[in-house]
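A.B. asks: Dropping in work.txt, with compact mmCIF, C-alpha atoms.
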# COMPACT_ATOMS: atom_id res chain seq x y z
CA MET A 9 -12.50 21.51 27.67
CA ASP A 10 -13.98 20.34 30.97
CA HIS A 11 -16.67 18.42 29.07
CA VAL A 12 -14.03 16.64 26.99
CA LEU A 13 -12.08 15.80 30.13
CA LYS A 14 -15.17 14.41 31.87
CA VAL A 15 -15.97 12.15 28.93
CA ALA A 16 -12.36 10.97 28.70
CA ASP A 17 -12.31 10.29 32.46
CA HIS A 18 -15.56 8.34 32.35
CA TYR A 19 -14.79 6.13 29.35
CA PHE A 20 -11.02 5.73 29.48
CA PHE A 21 -8.83 7.41 32.11
CA THR A 22 -10.66 6.25 35.24
CA PRO A 23 -11.35 2.61 34.24
CA TYR A 24 -8.10 1.94 32.38
CA LEU A 25 -5.32 4.41 33.18
CA TYR A 26 -5.20 5.90 36.65
CA PRO A 27 -5.07 4.09 40.00
CA ALA A 28 -8.24 4.28 42.07
CA SER A 29 -6.46 6.45 44.64
CA TRP A 30 -6.18 9.32 42.14
CA PRO A 31 -9.34 11.50 42.31
CA GLU A 32 -10.71 12.85 39.05
CA ASP A 33 -10.54 16.43 40.32
CA GLY A 34 -6.89 16.13 41.42
CA ALA A 35 -4.79 18.92 39.91
CA LEU A 36 -1.87 16.67 38.92
CA ARG A 37 -4.16 14.14 37.27
CA GLN A 38 -5.99 16.89 35.40
CA LEU A 39 -2.70 18.32 34.11
CA ILE A 40 -1.54 14.90 32.88
CA SER A 41 -4.92 14.19 31.28
CA LEU A 42 -5.03 17.55 29.52
CA SER A 43 -1.49 16.99 28.23
CA LEU A 44 -2.47 13.57 26.86
CA LEU A 45 -5.61 14.91 25.20
CA THR A 46 -3.79 17.88 23.69
CA ASN A 47 -1.06 15.68 22.21
CA LEU A 48 -3.63 13.20 20.92
CA GLY A 49 -5.45 16.06 19.25
CA ALA A 50 -2.22 17.27 17.67
CA LEU A 51 -1.46 13.77 16.36
CA THR A 52 -4.95 13.48 14.92
CA ASP A 53 -4.48 16.82 13.18
CA GLN A 54 -1.08 15.67 11.87
CA VAL A 55 -2.56 12.48 10.43
CA ARG A 56 -5.27 14.53 8.72
CA LYS A 57 -2.63 16.77 7.13
CA GLU A 58 -0.54 13.77 6.08
CA ILE A 59 -3.55 12.16 4.40
CA GLN A 60 -4.52 15.40 2.64
CA LEU A 61 -1.01 15.99 1.31
CA ALA A 62 -0.61 12.35 0.25
CA ALA A 63 -3.95 12.35 -1.58
CA THR A 64 -3.08 15.57 -3.42
CA SER A 65 0.39 14.36 -4.27
CA LEU A 66 -0.75 10.95 -5.54
CA PHE A 67 -3.33 12.61 -7.78
CA TRP A 68 -0.80 14.86 -9.53
CA MET A 69 1.90 12.17 -9.56
CA SER A 70 -0.49 9.83 -11.38
CA PHE A 71 -0.24 11.80 -14.65
CA PRO A 72 3.49 11.31 -15.38
CA THR A 73 3.31 7.85 -13.79
CA VAL A 74 0.55 6.80 -16.19
CA GLY A 75 2.76 8.03 -19.04
CA LEU A 76 5.57 5.72 -17.92
CA PHE A 77 3.17 2.80 -17.49
CA PHE A 78 1.85 3.48 -21.01
CA LEU A 79 5.39 3.26 -22.42
CA GLU A 80 5.79 -0.06 -20.62
CA ILE A 81 2.67 -1.67 -22.04
CA ARG A 82 3.57 -0.36 -25.52
CA GLY A 83 6.74 -2.42 -25.36
CA HIS A 84 9.35 0.31 -24.88
CA SER A 85 10.81 -1.20 -21.69
CA GLN A 86 12.92 -4.31 -21.15
CA LEU A 87 10.19 -6.10 -19.19
CA PHE A 88 9.56 -9.70 -20.23
CA ASP A 89 6.86 -12.27 -19.44
CA ASP A 90 8.53 -15.63 -19.04
CA VAL A 91 11.71 -16.57 -17.21
CA SER A 92 12.73 -18.55 -20.29
CA GLN A 93 13.07 -15.23 -22.11
CA SER A 94 15.96 -14.34 -19.82
CA SER A 95 19.34 -15.37 -21.20
CA GLN A 96 20.42 -16.20 -17.63
CA GLY A 97 17.24 -18.01 -16.50
CA TRP A 98 16.39 -18.02 -12.80
CA PRO A 99 19.87 -16.85 -11.70
CA GLY A 100 19.28 -13.80 -13.88
CA VAL A 101 15.92 -13.17 -12.20
CA PHE A 102 17.48 -13.19 -8.74
CA LEU A 103 20.33 -11.03 -9.99
CA SER A 104 17.81 -8.54 -11.36
CA ILE A 105 16.16 -8.29 -7.93
CA ALA A 106 19.50 -7.46 -6.33
CA GLY A 107 20.21 -5.02 -9.14
CA PHE A 108 16.84 -3.31 -8.68
CA LEU A 109 17.41 -2.84 -4.94
CA PHE A 110 20.97 -1.57 -5.45
CA PHE A 111 20.04 0.79 -8.32
CA THR A 112 16.96 2.29 -6.68
CA ASP A 113 18.65 2.63 -3.28
CA MET A 114 21.56 4.48 -4.90
CA CYS A 115 19.39 6.78 -7.00
CA ILE A 116 16.95 7.61 -4.23
CA TYR A 117 19.82 8.41 -1.85
CA TRP A 118 21.21 11.05 -4.21
CA ILE A 119 17.80 12.38 -5.28
CA HIS A 120 16.73 12.61 -1.64
CA ARG A 121 19.97 14.27 -0.62
CA SER A 122 19.65 16.80 -3.43
CA MET A 123 16.17 17.66 -2.14
CA HIS A 124 17.87 18.95 1.01
CA HIS A 125 19.90 21.51 -0.90
CA ARG A 126 19.00 24.95 0.37
CA SER A 127 17.89 26.16 -3.08
CA ILE A 128 15.46 23.23 -3.48
CA TYR A 129 14.37 22.19 0.00
CA LYS A 130 11.98 25.04 0.83
CA HIS A 131 10.18 24.68 -2.49
CA LEU A 132 9.72 20.90 -2.52
CA HIS A 133 10.90 18.63 0.27
CA LYS A 134 10.00 20.88 3.21
CA GLN A 135 6.37 19.74 2.99
CA HIS A 136 7.37 16.20 3.90
CA HIS A 137 9.52 17.37 6.81
CA LEU A 138 6.65 19.22 8.46
CA PHE A 139 5.99 15.88 10.16
CA LYS A 140 8.84 15.57 12.67
CA ILE A 141 7.70 12.22 14.04
CA PRO A 142 5.86 10.77 11.04
CA THR A 143 3.07 8.23 10.96
CA PRO A 144 2.54 5.70 8.12
CA PHE A 145 0.31 8.26 6.40
CA ALA A 146 3.38 10.47 5.86
CA SER A 147 4.96 7.81 3.65
CA HIS A 148 3.45 9.34 0.51
CA ALA A 149 2.92 12.88 1.83
CA PHE A 150 5.22 14.83 -0.49
CA HIS A 151 5.11 17.74 -2.85
CA PRO A 152 3.98 16.04 -6.09
CA LEU A 153 7.22 16.81 -7.95
CA ASP A 154 9.31 15.64 -5.00
CA GLY A 155 7.31 12.43 -4.73
CA PHE A 156 7.53 11.71 -8.45
CA LEU A 157 11.28 12.33 -8.63
CA GLN A 158 11.88 9.97 -5.71
CA SER A 159 9.70 7.31 -7.36
CA LEU A 160 11.40 7.73 -10.74
CA PRO A 161 14.19 5.14 -10.16
CA TYR A 162 11.54 2.42 -9.74
CA HIS A 163 10.09 3.26 -13.15
CA VAL A 164 13.40 3.87 -14.92
CA TYR A 165 15.04 0.57 -13.96
CA PRO A 166 13.06 -1.69 -16.35
CA PHE A 167 13.79 0.69 -19.23
CA ILE A 168 17.51 0.15 -18.66
CA PHE A 169 17.74 -3.44 -17.39
CA PRO A 170 15.79 -6.62 -18.22
CA LEU A 171 13.22 -7.52 -15.58
CA ASN A 172 10.45 -10.08 -15.33
CA LYS A 173 6.99 -8.48 -15.24
CA VAL A 174 5.77 -10.42 -12.19
CA VAL A 175 9.00 -9.68 -10.36
CA TYR A 176 8.63 -5.99 -11.23
CA LEU A 177 5.06 -5.89 -9.92
CA THR A 178 6.14 -7.68 -6.73
CA LEU A 179 9.02 -5.24 -6.21
CA PHE A 180 6.72 -2.29 -6.85
CA ILE A 181 4.37 -3.51 -4.11
CA PHE A 182 7.35 -4.18 -1.84
CA VAL A 183 8.79 -0.66 -2.15
CA ASN A 184 5.44 0.89 -1.26
CA ILE A 185 5.13 -1.33 1.82
CA TRP A 186 8.74 -0.53 2.72
CA THR A 187 8.11 3.21 2.38
CA ILE A 188 5.17 2.91 4.75
CA SER A 189 7.18 0.79 7.18
CA ILE A 190 10.00 3.32 7.63
CA HIS A 191 7.40 5.87 8.69
CA ASP A 192 5.44 3.61 11.03
CA GLY A 193 7.36 4.21 14.28
CA ASP A 194 8.13 0.52 14.79
CA TYR A 195 11.84 0.64 15.57
CA ARG A 196 12.45 -3.10 15.86
CA ILE A 197 15.31 -4.39 13.69
CA PRO A 198 17.09 -7.71 14.21
CA GLY A 199 20.32 -6.93 16.08
CA PRO A 200 22.85 -7.94 13.42
CA LEU A 201 21.01 -5.86 10.78
CA ILE A 202 20.82 -2.58 12.69
CA ASN A 203 23.91 -1.22 10.97
CA ILE A 204 22.84 -2.47 7.54
CA ILE A 205 19.09 -1.93 7.19
CA ASN A 206 17.69 1.60 7.04
CA GLY A 207 14.53 1.12 9.11
CA ALA A 208 12.02 3.35 10.85
CA ALA A 209 14.47 4.06 13.68
CA HIS A 210 16.94 5.48 11.15
CA HIS A 211 14.33 7.38 9.20
CA VAL A 212 12.73 9.13 12.16
CA ASP A 213 16.18 10.57 12.93
CA HIS A 214 16.21 11.86 9.36
CA HIS A 215 12.99 13.73 10.07
CA LEU A 216 14.27 15.02 13.40
CA PHE A 217 17.88 15.88 12.56
CA PHE A 218 17.49 16.66 8.86
CA ASN A 219 20.95 15.88 7.42
CA TYR A 220 21.22 12.16 8.16
CA ASN A 221 19.98 8.81 6.88
CA TYR A 222 18.80 9.65 3.37
CA GLY A 223 18.86 6.01 2.25
CA GLN A 224 15.85 3.92 1.31
CA TYR A 225 16.62 0.30 2.26
CA PHE A 226 20.23 0.16 3.34
CA THR A 227 22.75 2.32 5.18
CA PHE A 228 25.50 1.76 2.59
CA TRP A 229 25.13 5.06 0.71
CA ASP A 230 24.77 7.07 3.91
CA ARG A 231 28.01 5.57 5.16
CA LEU A 232 29.70 6.27 1.84
CA GLY A 233 28.33 9.80 1.73
CA GLY A 234 29.14 10.60 5.36
CA SER A 235 25.49 11.08 6.31
CA TYR A 236 24.94 7.98 8.44
CA LYS A 237 23.61 8.43 11.98
CA HIS A 238 23.07 5.52 14.32
CA PRO A 239 19.42 5.66 15.46
CA SER A 240 19.11 7.79 18.59
CA VAL A 241 16.16 5.73 19.80
CA LEU A 242 18.42 2.67 19.95
CA GLN A 243 20.81 4.62 22.18
CA ASP A 244 18.09 5.48 24.73
CA ASN A 245 18.05 9.01 23.40
CA GLY A 246 15.14 9.06 20.97
CA PRO A 247 11.98 11.19 21.14
CA HIS A 248 9.76 8.43 22.50
CA VAL A 249 12.28 7.65 25.23
CA HIS A 250 12.19 11.25 26.45
CA ILE A 251 8.39 11.23 26.42
CA ARG A 252 8.25 7.99 28.44
CA LYS A 253 10.80 9.30 30.95
CA LEU A 254 8.86 12.53 31.36
CA ALA A 255 5.60 10.65 31.86
CA GLY A 256 7.25 8.30 34.38
CA ASN A 257 8.71 11.19 36.39
CA THR A 258 5.36 12.97 36.39
CA LEU A 259 3.51 9.88 37.64
CA ARG A 260 6.07 9.28 40.42
CA GLN A 261 5.60 12.85 41.63
What do you get writing this file as structure tokens?

C.D. replies:
Amino acid sequence: MDHVLKVADHYFFTPYLYPASWPEDGALRQLISLSLLTNLGALTDQVRKEIQLAATSLFWMSFPTVGLFFLEIRGHSQLFDDVSQSSQGWPGVFLSIAGFLFFTDMCIYWIHRSMHHRSIYKHLHKQHHLFKIPTPFASHAFHPLDGFLQSLPYHVYPFIFPLNKVVYLTLFIFVNIWTISIHDGDYRIPGPLINIINGAAHHVDHHLFFNYNYGQYFTFWDRLGGSYKHPSVLQDNGPHVHIRKLAGNTLRQ
């Protein structure tokens, strides 16, 4: 490990991190550096596991997903090409977007919550919760059946309700970006929306505290189901806050 520490000191710690008054062979500096390197190594290993699980899951999920896509292109859904085909025109298109978000948020809340039932959790959803502070790569890192069931509302909606094809494709891209975003560790939410939008700050508490914040986009169903938790990181009590405080105390010593 001394070779790793020397390389890290030469290329990063000495020129960019530590004050010049801190010698490279100082015990306190070495302890801090080793802690940083160990945690970085753990994060790298976590990302590798997230990518492996996501790749495996997406492969197996593709089979039933292709089946649903096949039904769509064979005309068994209520997808339509032109807005003029909608009896309500553009107002109907915007209403369908709201309906899609409401329907999928509701369904995913209850599917997700059911995955936490003790008879199901250890067999399916536990794999996703191995990552206590997830990275964006955890967004699709599920057991294949778990991942498919939580994606099912997106596919089912156009079989039940009319939806424009371009709108559906746009929403499908949006939900994938959103899923990545709630795992990305960026806790910024515009102030007035903190209690409405289920962002990364809410979702990391779900990973840490298990029985809270099951929702996908909004906090409505969590509030209705009694599972809402205000993000701990926004109350100066989140995991990153504790890490920063610990690092600050160590540096002052």

A.B. asks: In terms of the shortest atom-to-atom distance over all atoms listed in the file, which of A:Ile185, A:Leu79, A:Leu66, A:Leu61 is closest to A:Phe139?

C.D. replies: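 Of the candidates, the smallest distance to A:Phe139 is held by A:Leu61.
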
A.B. asks: Have a look at A:Leu13, A:Ile81, A:Leu157, A:Val183 and name the one nearest to A:Arg121; count only C-alpha atoms.

C.D. replies: A:Leu157

A.B. asks: Closest to A:Ile59 among A:Ala208, A:Ala149, A:Leu25, A:Val91, using all atoms listed in the file?

C.D. replies: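 With all atoms listed in the file as the atom set, the closest residue is A:Ala149.
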
A.B. asks: Please build the interface table for stretch 144-217 of chain A against stretch 68-73 of chain A with a cut-off of 9 Å, listing for each qualifying residue the nearest atom pair and the distance in Å to one decimal; count all atoms listed in the file, order rows by chain and increasing number, and write it as a tab-separated table.

C.D. replies:
residue	atom	partner	partner_atom	distance
A:Pro152	CA	A:Met69	CA	5.6
A:Leu153	CA	A:Met69	CA	7.2
A:Gly155	CA	A:Met69	CA	7.3
A:Phe156	CA	A:Met69	CA	5.8
A:Leu160	CA	A:Thr73	CA	8.6
A:His163	CA	A:Thr73	CA	8.2

A.B. asks: Pick out the closest residue to A:Tyr225 from this set: A:Gly107, A:Pro170, A:Gly207, A:Pro99. Count all atoms listed in the file.

C.D. replies: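 Among the listed residues, A:Gly207 lies closest to A:Tyr225.
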
A.B. asks: With distances taken over only C-alpha atoms, which of A:Phe150, A:Phe226, A:Tyr236, A:Phe217 is nearest to A:Lys134?

C.D. replies: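 Closest residue, counting only C-alpha atoms: A:Phe150.
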
A.B. asks: How many Å separate atom CA of A:Phe180 from atom CA of A:Cys115?

C.D. replies: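 Value for the atom CA of A:Phe180-atom CA of A:Cys115 distance: 15.6 Å.
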
A.B. asks: Can you build me a table of stretch 24-141 of chain A residues sitting at most 12 Å from stretch 191-198 of chain A, with the closest atom pair per residue and its distance in Å to one decimal, using only C-alpha atoms, sorted by chain and residue number, as JSON lines?

C.D. replies:
{"residue": "A:Val55", "atom": "CA", "partner": "A:Asp192", "partner_atom": "CA", "distance": 12.0}
{"residue": "A:Glu58", "atom": "CA", "partner": "A:His191", "partner_atom": "CA", "distance": 11.5}
{"residue": "A:His136", "atom": "CA", "partner": "A:His191", "partner_atom": "CA", "distance": 11.4}
{"residue": "A:His137", "atom": "CA", "partner": "A:His191", "partner_atom": "CA", "distance": 11.8}
{"residue": "A:Phe139", "atom": "CA", "partner": "A:His191", "partner_atom": "CA", "distance": 10.2}
{"residue": "A:Lys140", "atom": "CA", "partner": "A:His191", "partner_atom": "CA", "distance": 10.6}
{"residue": "A:Ile141", "atom": "CA", "partner": "A:Gly193", "partner_atom": "CA", "distance": 8.0}

A.B. asks: Enter the distance from atom CA of A:Leu103 to atom CA of A:Tyr176, in Å, rounded to one decimal.

C.D. replies: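 Value for the atom CA of A:Leu103-atom CA of A:Tyr176 distance: 12.8 Å.
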
A.B. asks: Provide the atom CA of A:Arg82 to atom CA of A:Thr112 distance in Å, to one decimal place.

C.D. replies: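 For atom CA of A:Arg82 relative to atom CA of A:Thr112, the distance reads 23.3 Å.
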
A.B. asks: Which residue gives the smallest distance to A:Thr178 among A:Asp33, A:Asp230, A:Val212, A:Phe108, with only C-alpha atoms counted?

C.D. replies: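 That would be A:Phe108, the residue with the smallest distance to A:Thr178.
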
A.B. asks: Would you kindly return, as a ChimeraX atom specification, each protein, DNA or RNA residue with an atom no farther than 8 Å from any atom of A:Val101, considering all atoms listed in the file and excluding same-chain residues fewer than 6 positions away?

C.D. replies: /A:91,94,171-172,175

A.B. asks: Near A:His148, counting all atoms listed in the file, which residues have an atom at most 8 Å away, once you skip same-chain residues fewer than 3 positions from it, shown as a ChimeraX atom specification?

C.D. replies: /A:62,65-66,145,155,187-188
